[in-house]
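As structure tokens, the structure follows; a few thoughts come after it.
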Amino acid sequence: MPRGHVDAWDFEQRAATGRAALAAGEPARAADELSRALELWRGAPFADAEAAGFTAAPAARLTELRLAATEDRADALLTLGRADTLPRLVAELTAQRVAHPLRERTAARLIRALHANGQGADALDVFDRTRQALAEELGTDPSSELRDAHLHVLAGTRPPAPRPAPVGRSVLPGPLTALIGRDADLAAVRDRLRHSRLLTLTGPGGVGKTRLALAAATGAPAGTDVRLAELAGAEGPDGPARAVLAALRPADAGVLTGGLPPGDPLERIVRAVDGRDVLLVLDNCERLIADAARLAHRLLAAAPRLTVLATSREPLGVPGETLWPVPPLAVPEPGSTLRQALAHPAVALFAERAAAARPGFALDRDTVAPVVRICRELDGLPLALELAAARLRALTPDRIAARLHDRLRLLDRGPRTAPDRHRTLRAVIDWSWDLLDPDERVLLRRLSVFAAGAVLRDAHTVCAAHWPAGPDPDPTAVEDLLTALADKSLLVSTTSETGPARYRLLETVRAYAAERLAEAGEHDRTADAHLRCFLDLAEHAEPLLRTDRQLDRLARLDAEQDNLDAALRHAVTAGPSDHALRLAAARAWPWLMRGRAHEAGERTAAVLAAHGTTPPPGLEQQHARCVILAQLAAPPREPAAPLTPEAFGAALATARHADHPVTLAAALLLAAAGPPDTIAATAREYCRHPDAWTRSAAQLVLGRIELSAGRIDPAERCLRTAGDGFRTLGDRWGHAMALVTLAALLAVTGAAEEALGALDEAALLDAATGGPGEAPLTLLLAGRLRTRNGDPAAARADLERARTAAEHARDPHLEAAADYALGELARRTGHLTTALATQRATLQRLEQLPATGPTHLHLRALLHTSLARTHHRLADPATAATLHRRALEPAATSQDRPVRADVLEGWAEHHLALADPTRATTTLAAAYALRGGHDAGDPELRTVLDGCAAALGDTAFRAAWNHGLNLTDPEAAALDGS
């Protein structure tokens with residue numbers, strides 16, 4: 001039914017319009033609107049449904065609005081001063097005062113109406129009767145408004161113009177500091193207060209619930225009395241009621257003046273707020289949650305103009321309650337710039353409080369990294385951030401960040417005036433811990449072994465065994481306990497459309513719970529259970545990563561990344577050696593799929609260092625995987641475990657004859673570091689393997705070998721076969737890798753559009769597997785293609801994203817490759833000064849990296865070639881020649897023929913510019929032989945070829961070309977003839 005057809009809604013709208021007109025100084029319009037509103041009444045509201053309990057509150061509310069409308073109309077009529085309206089007005093107000101003898105606003109208007117109508121004696125009698133009723137029933141004196149009306153009757157003077165309902169007063173403590181980062185929360189809370197009579201702000205201790213509630217309460221509508229009842233110190237079942245009574249005392253008008261009515265606390269509160277709009281802030285309800293909930297429920301039913309804004313670490317659980325969870329402040333990602341960091345509220349709060357604690361402190365490039373770490377490790381919890389900022393009086397941000405592993409001891413000094421529960425970080429959590437029942441405490445402390453939260457199944461598997469009291473809880477009982485802890489703001493519960501709910505401890509709560517776990521003597525047993533749980537997950541997920549189950553298994557492993565890391569750390573330091581080997585081996589392929597080869601090397605090296613280089617019986621293949629990853633991927637600053645030649649040879653032999661696809665793939669990776677003929681032979685052997693995935697992986701590796709050897713056609717056949725095989729298996733990641741390598745081949749043949757299409761498809765496949773769709777190699781290749789195709793803006797965007805992705809992958813050589821490509825973009829687009837600065841800086845950073853692996857060698861050669869070509873364009877041929885020679889020397893030792901061809905093509909360009917087209921042509925032919933064809937996608941190469949042909953003529957060009965094709969060591973020939 002439309003609202004306009006409901007008389008109750010029509011009444012409320014007209015009454016509100018009339019009251020607004022009265023406040024605006026328009027008594028005639030106010031009287032008209034209010035009269036129309038009151039004419040809609042036909043008896044008591046919900047008279048036919050009085051027996052139904054649900055009608056009590058709305059009936060009381062409508063009755064209160066009717067009384068207020070009658071009083072507002074009296075104000076309007078008395079202001080107009082029309083004598084003909086007074087008799088009827090006196091009759092109406094008399095009837096209302098009889099029905100509500102303690103309603104002072106009605107009595108004051110009746111006294112004024114009687115006085116205006118020449119009935120002074122009757123007016124004095126009304127005052128005496130009302131004063132006596134207030135004293136006998138409520139133990140209080142008349143309000144100032146009632147006393148004023150009485151005085152005017154005694155003086156025989158004309159009463160002043162009646163006022164609208166008295167404006168309420170806010171009795172709240174003033175803020176001492178700015179509220180930072182809560183604009184959206186503040187707006188949302190104020191909006192919900194307009195539509196809900198009970199709003200509860202929930203959240204963990206120290207998140208700022210009280211501060212937000214007080215800020216929201218200051219925005220209460222005019223005419224609202226705002227009161228704060230602090231329940232933290234309340235005791236006993238009637239503690240919340242007594243705290244509310246204490247909060248209601250300091251009023252300056254109405255029945256609250258001079259004391260509170262005696263009798264039952266609830267009735268006293270209801271009488272105290274009768275006839276006025278009141279916003280009651282019930283702070284810290286969690287300690288007496290049941291009593292606070294009962295009080296709120298009864299008050300809201302009995303006082304229709306009362307609104308309650310509660311703060312609690314758990315909901316009150318009252319019908320009609322609206323919840324607003326107050327989250328910690330948003331924190332920036334690691335590695336954020338100064339500007340990015342300051343855009344996050346947690347950093348802004350820390351910086352503001354830090355400047356107050358340490359005058360002169362300002363967030364800058366030197367302090368942004370430790371401050372970001374502080375904010376992240378403290379979960380953006382405002383109280384924790386303020387306590388940390390206060391430590392800047394004695395410690396630097398770096399030192400504070402370094403000590404956060406012991407945060408409960410570090411953050412042990414709060415403001416002297418703060419409540420005890422907010423003086424230290426430990427006290428904040430002690431307050432919540434003390435409110436838990438024994439079973440909740442057991443589960444909370446055991447959950448501390450989870451580094452990334454837990455789903456229900458894992459929480460039950462790890463935490464439910466050996467329960468201290470009674471039988472071990474079943475999954476349903478554990479779920480109930482998890483829900484209770486989440487309701488009490490000790491767990492953060494998150495859900496997704498595709499997976500089960502995940503329960504996570506804030507890091508500060510986790511540190512506290514870990515202490516409690518150790519105190520209970522349960523740490524080792526619980527950590528062992530956690531290790532077994534995630535070893536089982538990793539080993540069951542690993543084979544499915546090479547099937548059409550890849551997506552959901554990768555998503556599961558990604559979600560449990562921190563738990564898997566924690567389990568592996570425990571396995572290395574305290575667990576059985578077989579568990580560490582098995583877990584590291586099971587994670588080998590997921591690490592590589594996610595571009596985390598360096599991490600794989602570090603962790604497998606740590607496993608071998610802790611548990612030795614001799615494989616336990618039955619784990620030879622897992623051991624071989626760890627050995628190979630440690631040898632190939634461990635960074636030089638953390639050398640792999642010391643391996644004797646015999647041990648390494650045994651691991652390699654095991655890998656070559658393994659029946660596990662990833663162990664076979666590891667053997668291929670190791671062979672890739674050796675002579676090309678060796679890896680090609682191994683790859684061809686695996687191309688005949690009975691396992692379909694192994695065959696596809698071997699075709700991919702063989703395609704890369706053929707491409708590096710300049711054999712374009714067989715390389716293309718291998719790569720397309722690999723892609724088809726991975727597609728059939730449902731391995732999107734493998735298919736994407738095949739497409740990226742195929743795109744590199746297509747770029748050389750000049751099929752730029754097809755190459756870009758392959759890269760786009762690879763990005764979509766990567767995104768489908770849960771990756772960012774922005775693998776560094778894919779973006780690098782796309783940027784190079786767009787550079788050559790004359791689309792510099794798109795090329796720059798791709799290359800800058802490639803560099804960011806390389807940073808996230810912690811691969812400095814990939815970062816250098818992205819910087820090299822950006823320098824090449826600058827050179828090819830004529831920005832020579834930028835190109836020179838970029839390539840010099842990149843070369844300097846490269847020289848600071850360990851000179852291991854072919855990538856380092858290739859980048860050195862390519863960077864020197866790029867610098868040489870730039871110097872030549874800057875009319876500095878002598879420097880260009882020196883740089884070309886420095887490029888030729890490392891290129892000569894490379895097994896990558898396309899890289900050697902790139903260097904030789906730069907040398908050819910140099911000689912053509914020096915008017916030596918014969919040597920330029922000979923060098924181009926040598927590059928052609930190495931690559932297996934022209935790089936048809938490179939417009940600069942076409943320019944050099946055309947220049948040589950034009951300078952030499954057909955006969956001389958052919959002679960020089962044929963000579964170059966027959967060179968067996970073109971770099972040496974180039975250097976000898978330089």
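Letters A, B, ... go to the chains of the structure tokens in the order shown; residues in each chain start at 1; ligands are counted from 1 in the same order.
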May I have the residues within 10 Å of Ala758 (chain A) as number ranges by chain, using only C-alpha atoms and disregarding those fewer than 6 positions away in the same chain?
A: 736, 738-744, 746, 752, 764, 778, 782
Using DSSP on the backbone, list every residue of region 74-189 of chain A that comes out as alpha helix (DSSP H), and give them as a ChimeraX atom specification.
/A:74-80,86-99,104-116,120-133,144-155,183-189
I'd like the contact shell of Ala927 (chain A) - 6 Å cut-off, only C-alpha atoms, skipping same-chain residues fewer than 2 positions apart - returned as number ranges by chain.
A: 901, 904, 924-925, 929-930
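Excluding Ala816 (chain A) and any residue on its chain fewer than 6 positions from it, the residues at most 8 Å away by only C-alpha atoms are Thr842, Arg845, Leu846 and Leu859 of chain A.
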Skip region 700-703 of chain A itself and residues of its chain fewer than 2 positions away, then list as JSON, numbers by chain all residues within 12 Å of it, counting only C-alpha atoms.
{"A": [665, 666, 667, 668, 669, 670, 671, 672, 676, 677, 678, 679, 680, 681, 682, 683, 684, 685, 686, 687, 693, 694, 695, 696, 697, 698, 705, 706, 707, 708, 709, 710, 711, 712, 713, 714, 715, 716, 717, 718, 719, 720, 721, 722, 723, 724, 725, 726, 734, 735, 736, 737, 738, 739, 740, 741, 742, 744, 745]}
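Closest approach to Val331 (chain A) from the set A:Ala310, A:Gly181, A:Val607, A:His405 is made by A:Gly181, with distances taken over only C-alpha atoms.
Separating CA of Glu440 (chain A) from CA of Ala454 (chain A) is a distance of 15.7 Å.
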Run DSSP on the backbone and give me the residues of region 77-294 of chain A it puts in strand (DSSP E or B), as a list in words.
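Reading the DSSP output for region 77-294 of chain A, strand (DSSP E or B) covers Ser170, Val171, Leu198, Leu199, Thr200, Leu201, Thr202, Thr224, Asp225, Val226, Arg227, Leu228, Ala229, Glu230, Asp277, Val278, Leu279, Leu280, Val281, Leu282 and Asp283 of chain A.
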Output for the residues just chosen: C-alpha atoms as a PDB file, in the first residue's frame:
```
ATOM      1  CA  SER A 170      25.021  16.913  24.484  1.00  0.00           C
ATOM      2  CA  VAL A 171      26.813  15.724  27.616  1.00  0.00           C
ATOM      3  CA  LEU A 198      19.510   0.455  18.309  1.00  0.00           C
ATOM      4  CA  LEU A 199      22.861   0.604  16.544  1.00  0.00           C
ATOM      5  CA  THR A 200      25.821  -1.370  17.883  1.00  0.00           C
ATOM      6  CA  LEU A 201      29.395  -0.661  16.845  1.00  0.00           C
ATOM      7  CA  THR A 202      31.407  -3.877  17.108  1.00  0.00           C
ATOM      8  CA  THR A 224      18.136  15.665  21.144  1.00  0.00           C
ATOM      9  CA  ASP A 225      19.595  15.050  24.598  1.00  0.00           C
ATOM     10  CA  VAL A 226      22.817  13.056  24.137  1.00  0.00           C
ATOM     11  CA  ARG A 227      24.109  11.059  27.091  1.00  0.00           C
ATOM     12  CA  LEU A 228      27.126   8.770  27.540  1.00  0.00           C
ATOM     13  CA  ALA A 229      26.845   5.764  29.860  1.00  0.00           C
ATOM     14  CA  GLU A 230      30.227   4.106  30.442  1.00  0.00           C
ATOM     15  CA  ASP A 277      14.340  12.823  22.155  1.00  0.00           C
ATOM     16  CA  VAL A 278      17.333  11.129  23.767  1.00  0.00           C
ATOM     17  CA  LEU A 279      20.390   9.488  22.187  1.00  0.00           C
ATOM     18  CA  LEU A 280      22.005   7.212  24.745  1.00  0.00           C
ATOM     19  CA  VAL A 281      25.555   6.020  24.068  1.00  0.00           C
ATOM     20  CA  LEU A 282      26.120   2.715  25.885  1.00  0.00           C
ATOM     21  CA  ASP A 283      29.887   2.261  25.842  1.00  0.00           C
TER      22      ASP A 283
END
```
Long-range neighbours of region 507-520 of chain A as an NGL selection string, 10 Å cut-off, only C-alpha atoms, 6 positions minimum in chain
:A and (204-205 or 376-379 or 381 or 384 or 404-408 or 425-426 or 428-430 or 432-433 or 441-453 or 490-491 or 526)
Can I get the selection written as a compact mmCIF listing (two decimals), in the first residue's frame, with N, CA, C and O atoms?
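Saved the output as again-v7.txt:
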```txt
# COMPACT_ATOMS: atom_id res chain seq x y z
N PRO A 204 37.27 -5.26 17.45
CA PRO A 204 38.25 -5.66 18.48
C PRO A 204 38.61 -4.49 19.37
O PRO A 204 38.42 -3.32 19.04
N GLY A 205 39.17 -4.81 20.52
CA GLY A 205 39.63 -3.77 21.43
C GLY A 205 40.69 -2.91 20.78
O GLY A 205 41.58 -3.40 20.11
N ARG A 376 51.31 -2.30 8.96
CA ARG A 376 50.83 -3.60 8.50
C ARG A 376 50.89 -4.64 9.62
O ARG A 376 49.94 -5.40 9.83
N GLU A 377 52.00 -4.68 10.34
CA GLU A 377 52.14 -5.71 11.37
C GLU A 377 51.23 -5.46 12.56
O GLU A 377 50.90 -6.39 13.29
N LEU A 378 50.82 -4.21 12.74
CA LEU A 378 49.87 -3.90 13.81
C LEU A 378 48.44 -3.89 13.29
O LEU A 378 47.52 -3.43 13.97
N ASP A 379 48.24 -4.40 12.08
CA ASP A 379 46.90 -4.61 11.50
C ASP A 379 46.10 -3.32 11.35
O ASP A 379 44.87 -3.37 11.23
N LEU A 381 45.45 -1.25 13.62
CA LEU A 381 44.67 -1.06 14.84
C LEU A 381 45.03 0.29 15.47
O LEU A 381 46.17 0.51 15.87
N ALA A 384 47.00 0.44 18.85
CA ALA A 384 48.35 -0.09 18.71
C ALA A 384 49.24 0.90 17.97
O ALA A 384 50.42 1.10 18.32
N LEU A 404 58.85 -5.56 16.57
CA LEU A 404 57.43 -5.91 16.59
C LEU A 404 57.19 -7.40 16.79
O LEU A 404 56.06 -7.81 17.06
N HIS A 405 58.23 -8.23 16.66
CA HIS A 405 58.05 -9.64 16.98
C HIS A 405 57.72 -9.83 18.46
O HIS A 405 57.16 -10.84 18.86
N ASP A 406 58.08 -8.81 19.26
CA ASP A 406 57.78 -8.83 20.71
C ASP A 406 56.88 -7.65 21.04
O ASP A 406 57.12 -6.90 21.99
N ARG A 407 55.83 -7.50 20.27
CA ARG A 407 55.00 -6.28 20.34
C ARG A 407 54.32 -6.09 21.69
O ARG A 407 54.09 -4.98 22.12
N LEU A 408 53.98 -7.19 22.36
CA LEU A 408 53.26 -7.05 23.62
C LEU A 408 54.13 -6.42 24.70
O LEU A 408 53.63 -5.74 25.59
N LEU A 425 49.08 -2.68 25.13
CA LEU A 425 48.48 -3.57 24.14
C LEU A 425 48.05 -4.88 24.78
O LEU A 425 47.00 -5.43 24.44
N ARG A 426 48.84 -5.36 25.74
CA ARG A 426 48.46 -6.59 26.42
C ARG A 426 47.16 -6.41 27.20
O ARG A 426 46.30 -7.31 27.21
N VAL A 428 44.65 -4.54 26.53
CA VAL A 428 43.51 -4.53 25.60
C VAL A 428 43.01 -5.95 25.37
O VAL A 428 41.81 -6.23 25.38
N ILE A 429 43.96 -6.88 25.16
CA ILE A 429 43.56 -8.26 24.85
C ILE A 429 43.22 -9.02 26.13
O ILE A 429 42.36 -9.91 26.12
N ASP A 430 43.89 -8.70 27.24
CA ASP A 430 43.51 -9.30 28.52
C ASP A 430 42.02 -9.09 28.79
O ASP A 430 41.33 -9.99 29.28
N SER A 432 39.57 -8.79 26.72
CA SER A 432 38.74 -9.72 25.94
C SER A 432 38.93 -11.16 26.40
O SER A 432 37.97 -11.93 26.46
N TRP A 433 40.17 -11.54 26.71
CA TRP A 433 40.46 -12.91 27.15
C TRP A 433 39.67 -13.26 28.41
O TRP A 433 39.13 -14.36 28.53
N ARG A 441 38.70 -20.16 25.09
CA ARG A 441 40.11 -19.90 25.32
C ARG A 441 40.99 -20.98 24.69
O ARG A 441 42.04 -20.69 24.10
N VAL A 442 40.57 -22.23 24.81
CA VAL A 442 41.35 -23.33 24.22
C VAL A 442 41.46 -23.14 22.71
O VAL A 442 42.55 -23.23 22.13
N LEU A 443 40.32 -22.90 22.05
CA LEU A 443 40.35 -22.77 20.60
C LEU A 443 41.15 -21.54 20.17
O LEU A 443 41.94 -21.60 19.22
N LEU A 444 40.97 -20.43 20.89
CA LEU A 444 41.68 -19.21 20.50
C LEU A 444 43.19 -19.41 20.56
O LEU A 444 43.91 -19.05 19.62
N ARG A 445 43.69 -19.99 21.63
CA ARG A 445 45.14 -20.14 21.74
C ARG A 445 45.68 -21.12 20.70
O ARG A 445 46.75 -20.93 20.14
N ARG A 446 44.91 -22.16 20.39
CA ARG A 446 45.38 -23.12 19.39
C ARG A 446 45.33 -22.56 17.97
O ARG A 446 46.14 -22.93 17.12
N LEU A 447 44.41 -21.67 17.72
CA LEU A 447 44.34 -21.03 16.39
C LEU A 447 45.58 -20.18 16.10
O LEU A 447 45.81 -19.80 14.94
N SER A 448 46.37 -19.87 17.10
CA SER A 448 47.54 -19.02 16.88
C SER A 448 48.57 -19.68 15.98
O SER A 448 49.45 -18.99 15.45
N VAL A 449 48.52 -21.00 15.77
CA VAL A 449 49.49 -21.64 14.88
C VAL A 449 49.17 -21.37 13.42
O VAL A 449 50.02 -21.60 12.55
N PHE A 450 47.96 -20.89 13.13
CA PHE A 450 47.59 -20.60 11.74
C PHE A 450 48.09 -19.21 11.38
O PHE A 450 47.70 -18.21 11.98
N ALA A 451 48.95 -19.15 10.36
CA ALA A 451 49.53 -17.86 9.96
C ALA A 451 48.64 -17.11 8.99
O ALA A 451 48.82 -15.91 8.79
N ALA A 452 47.70 -17.80 8.36
CA ALA A 452 46.84 -17.14 7.37
C ALA A 452 45.37 -17.41 7.64
O ALA A 452 44.56 -17.42 6.73
N GLY A 453 45.04 -17.63 8.92
CA GLY A 453 43.66 -17.97 9.22
C GLY A 453 43.39 -19.43 8.89
O GLY A 453 44.27 -20.16 8.44
N LEU A 490 37.39 -11.27 18.21
CA LEU A 490 38.73 -11.82 18.35
C LEU A 490 39.16 -12.56 17.09
O LEU A 490 40.33 -12.86 16.92
N LEU A 491 38.20 -12.86 16.24
CA LEU A 491 38.48 -13.44 14.94
C LEU A 491 37.86 -12.55 13.87
O LEU A 491 36.81 -11.95 14.10
N THR A 526 50.33 -28.82 18.91
CA THR A 526 49.45 -28.12 17.97
C THR A 526 50.20 -27.77 16.68
O THR A 526 49.65 -27.88 15.58
```
Show me, as a PDB file with N, CA and C atoms, in the first residue's frame, the residues that have an atom within 9 Å of region 288-301 of chain A when counting only C-alpha atoms, minus same-chain residues fewer than 2 positions from it.
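Result file follows (result.pdb):
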```pdb
ATOM      1  N   ALA A  56       3.046  -2.935  21.026  1.00  0.00           N
ATOM      2  CA  ALA A  56       3.243  -2.037  22.172  1.00  0.00           C
ATOM      3  C   ALA A  56       4.177  -0.881  21.829  1.00  0.00           C
ATOM      4  N   ALA A  57       5.327  -1.195  21.228  1.00  0.00           N
ATOM      5  CA  ALA A  57       6.298  -0.138  20.944  1.00  0.00           C
ATOM      6  C   ALA A  57       5.786   0.855  19.907  1.00  0.00           C
ATOM      7  N   PRO A  58       5.256   0.411  18.747  1.00  0.00           N
ATOM      8  CA  PRO A  58       4.748   1.409  17.799  1.00  0.00           C
ATOM      9  C   PRO A  58       3.557   2.196  18.330  1.00  0.00           C
ATOM     10  N   ALA A  60       3.106   3.068  21.510  1.00  0.00           N
ATOM     11  CA  ALA A  60       3.663   4.068  22.422  1.00  0.00           C
ATOM     12  C   ALA A  60       4.314   5.202  21.628  1.00  0.00           C
ATOM     13  N   ARG A 197      16.804   2.456  15.890  1.00  0.00           N
ATOM     14  CA  ARG A 197      16.790   2.919  17.282  1.00  0.00           C
ATOM     15  C   ARG A 197      17.839   2.220  18.131  1.00  0.00           C
ATOM     16  N   LEU A 198      18.425   1.129  17.602  1.00  0.00           N
ATOM     17  CA  LEU A 198      19.510   0.455  18.309  1.00  0.00           C
ATOM     18  C   LEU A 198      20.604   0.129  17.299  1.00  0.00           C
ATOM     19  N   LEU A 231      30.024   1.679  30.653  1.00  0.00           N
ATOM     20  CA  LEU A 231      29.739   0.443  31.370  1.00  0.00           C
ATOM     21  C   LEU A 231      30.996  -0.305  31.796  1.00  0.00           C
ATOM     22  N   ALA A 232      32.185   0.197  31.450  1.00  0.00           N
ATOM     23  CA  ALA A 232      33.407  -0.549  31.751  1.00  0.00           C
ATOM     24  C   ALA A 232      33.577  -0.770  33.250  1.00  0.00           C
ATOM     25  N   ALA A 234      31.036  -0.756  35.463  1.00  0.00           N
ATOM     26  CA  ALA A 234      29.788  -1.188  36.087  1.00  0.00           C
ATOM     27  C   ALA A 234      29.939  -2.605  36.633  1.00  0.00           C
ATOM     28  N   GLU A 235      29.229  -2.878  37.717  1.00  0.00           N
ATOM     29  CA  GLU A 235      29.282  -4.199  38.347  1.00  0.00           C
ATOM     30  C   GLU A 235      27.871  -4.677  38.633  1.00  0.00           C
ATOM     31  N   GLY A 236      27.654  -5.991  38.531  1.00  0.00           N
ATOM     32  CA  GLY A 236      26.394  -6.580  38.931  1.00  0.00           C
ATOM     33  C   GLY A 236      25.309  -6.458  37.881  1.00  0.00           C
ATOM     34  N   PRO A 237      24.227  -7.202  38.034  1.00  0.00           N
ATOM     35  CA  PRO A 237      23.144  -7.203  37.039  1.00  0.00           C
ATOM     36  C   PRO A 237      22.526  -5.832  36.808  1.00  0.00           C
ATOM     37  N   ASP A 238      22.464  -4.987  37.879  1.00  0.00           N
ATOM     38  CA  ASP A 238      21.866  -3.665  37.706  1.00  0.00           C
ATOM     39  C   ASP A 238      22.925  -2.604  37.393  1.00  0.00           C
ATOM     40  N   GLY A 239      24.180  -3.044  37.126  1.00  0.00           N
ATOM     41  CA  GLY A 239      25.255  -2.101  36.819  1.00  0.00           C
ATOM     42  C   GLY A 239      24.963  -1.238  35.606  1.00  0.00           C
ATOM     43  N   PRO A 240      24.508  -1.813  34.480  1.00  0.00           N
ATOM     44  CA  PRO A 240      24.198  -0.958  33.322  1.00  0.00           C
ATOM     45  C   PRO A 240      23.120   0.072  33.619  1.00  0.00           C
ATOM     46  N   ALA A 241      22.062  -0.313  34.361  1.00  0.00           N
ATOM     47  CA  ALA A 241      20.992   0.650  34.671  1.00  0.00           C
ATOM     48  C   ALA A 241      21.516   1.787  35.542  1.00  0.00           C
ATOM     49  N   LEU A 266      14.708   0.939  36.003  1.00  0.00           N
ATOM     50  CA  LEU A 266      14.169   1.040  34.653  1.00  0.00           C
ATOM     51  C   LEU A 266      13.067   2.087  34.592  1.00  0.00           C
ATOM     52  N   GLU A 267      12.134   2.048  35.586  1.00  0.00           N
ATOM     53  CA  GLU A 267      11.054   3.034  35.585  1.00  0.00           C
ATOM     54  C   GLU A 267      11.613   4.439  35.763  1.00  0.00           C
ATOM     55  N   ILE A 269      14.471   5.553  34.723  1.00  0.00           N
ATOM     56  CA  ILE A 269      15.059   5.995  33.448  1.00  0.00           C
ATOM     57  C   ILE A 269      13.965   6.373  32.468  1.00  0.00           C
ATOM     58  N   VAL A 270      12.912   5.560  32.382  1.00  0.00           N
ATOM     59  CA  VAL A 270      11.829   5.831  31.434  1.00  0.00           C
ATOM     60  C   VAL A 270      11.161   7.161  31.761  1.00  0.00           C
ATOM     61  N   LEU A 282      25.755   3.761  24.926  1.00  0.00           N
ATOM     62  CA  LEU A 282      26.120   2.715  25.885  1.00  0.00           C
ATOM     63  C   LEU A 282      27.505   2.197  25.485  1.00  0.00           C
ATOM     64  N   ASN A 284      31.167   0.195  25.861  1.00  0.00           N
ATOM     65  CA  ASN A 284      31.821  -0.991  26.450  1.00  0.00           C
ATOM     66  C   ASN A 284      30.812  -1.954  27.065  1.00  0.00           C
ATOM     67  N   CYS A 285      29.898  -2.411  26.249  1.00  0.00           N
ATOM     68  CA  CYS A 285      28.843  -3.305  26.744  1.00  0.00           C
ATOM     69  C   CYS A 285      29.323  -4.736  26.955  1.00  0.00           C
ATOM     70  N   GLU A 286      30.489  -5.103  26.374  1.00  0.00           N
ATOM     71  CA  GLU A 286      30.846  -6.514  26.344  1.00  0.00           C
ATOM     72  C   GLU A 286      31.026  -7.145  27.723  1.00  0.00           C
ATOM     73  N   ALA A 303      10.371   3.496  25.952  1.00  0.00           N
ATOM     74  CA  ALA A 303      10.631   4.913  25.674  1.00  0.00           C
ATOM     75  C   ALA A 303      10.749   5.108  24.170  1.00  0.00           C
ATOM     76  N   PRO A 304       9.646   5.446  23.500  1.00  0.00           N
ATOM     77  CA  PRO A 304       9.639   5.472  22.031  1.00  0.00           C
ATOM     78  C   PRO A 304      10.521   6.557  21.404  1.00  0.00           C
ATOM     79  N   ARG A 305      10.922   7.561  22.183  1.00  0.00           N
ATOM     80  CA  ARG A 305      11.767   8.610  21.609  1.00  0.00           C
ATOM     81  C   ARG A 305      13.240   8.439  21.998  1.00  0.00           C
ATOM     82  N   LEU A 306      13.566   7.258  22.473  1.00  0.00           N
ATOM     83  CA  LEU A 306      14.946   6.935  22.852  1.00  0.00           C
ATOM     84  C   LEU A 306      15.641   6.189  21.716  1.00  0.00           C
ATOM     85  N   THR A 307      16.887   6.561  21.440  1.00  0.00           N
ATOM     86  CA  THR A 307      17.756   5.828  20.512  1.00  0.00           C
ATOM     87  C   THR A 307      19.003   5.421  21.281  1.00  0.00           C
ATOM     88  N   VAL A 308      19.465   4.195  21.056  1.00  0.00           N
ATOM     89  CA  VAL A 308      20.655   3.676  21.736  1.00  0.00           C
ATOM     90  C   VAL A 308      21.752   3.428  20.720  1.00  0.00           C
ATOM     91  N   SER A 312      30.531  -2.367  21.582  1.00  0.00           N
ATOM     92  CA  SER A 312      30.762  -3.654  22.223  1.00  0.00           C
ATOM     93  C   SER A 312      31.679  -4.485  21.341  1.00  0.00           C
ATOM     94  N   GLU A 314      31.124  -7.525  20.979  1.00  0.00           N
ATOM     95  CA  GLU A 314      30.208  -8.505  20.396  1.00  0.00           C
ATOM     96  C   GLU A 314      28.816  -7.880  20.337  1.00  0.00           C
ATOM     97  N   PRO A 315      27.950  -8.372  19.458  1.00  0.00           N
ATOM     98  CA  PRO A 315      26.604  -7.799  19.346  1.00  0.00           C
ATOM     99  C   PRO A 315      25.799  -8.008  20.624  1.00  0.00           C
ATOM    100  N   LEU A 316      24.811  -7.125  20.832  1.00  0.00           N
ATOM    101  CA  LEU A 316      23.926  -7.279  21.978  1.00  0.00           C
ATOM    102  C   LEU A 316      22.937  -8.416  21.771  1.00  0.00           C
ATOM    103  N   GLY A 317      22.594  -8.681  20.518  1.00  0.00           N
ATOM    104  CA  GLY A 317      21.646  -9.754  20.241  1.00  0.00           C
ATOM    105  C   GLY A 317      20.220  -9.409  20.593  1.00  0.00           C
ATOM    106  N   VAL A 318      19.834  -8.137  20.407  1.00  0.00           N
ATOM    107  CA  VAL A 318      18.490  -7.649  20.731  1.00  0.00           C
ATOM    108  C   VAL A 318      17.696  -7.518  19.431  1.00  0.00           C
ATOM    109  N   PRO A 319      16.404  -7.901  19.413  1.00  0.00           N
ATOM    110  CA  PRO A 319      15.604  -7.720  18.191  1.00  0.00           C
ATOM    111  C   PRO A 319      15.647  -6.272  17.712  1.00  0.00           C
TER     112      PRO A 319
END
```
Between A:His884, A:Gly649, A:His195, A:Leu411, which one has atoms that come closest to Gly320 (chain A), using only C-alpha atoms?
A:His195
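Taking CA of Glu815 (chain A) as the reference point, CA of Pro776 (chain A) is found at 8.8 Å.
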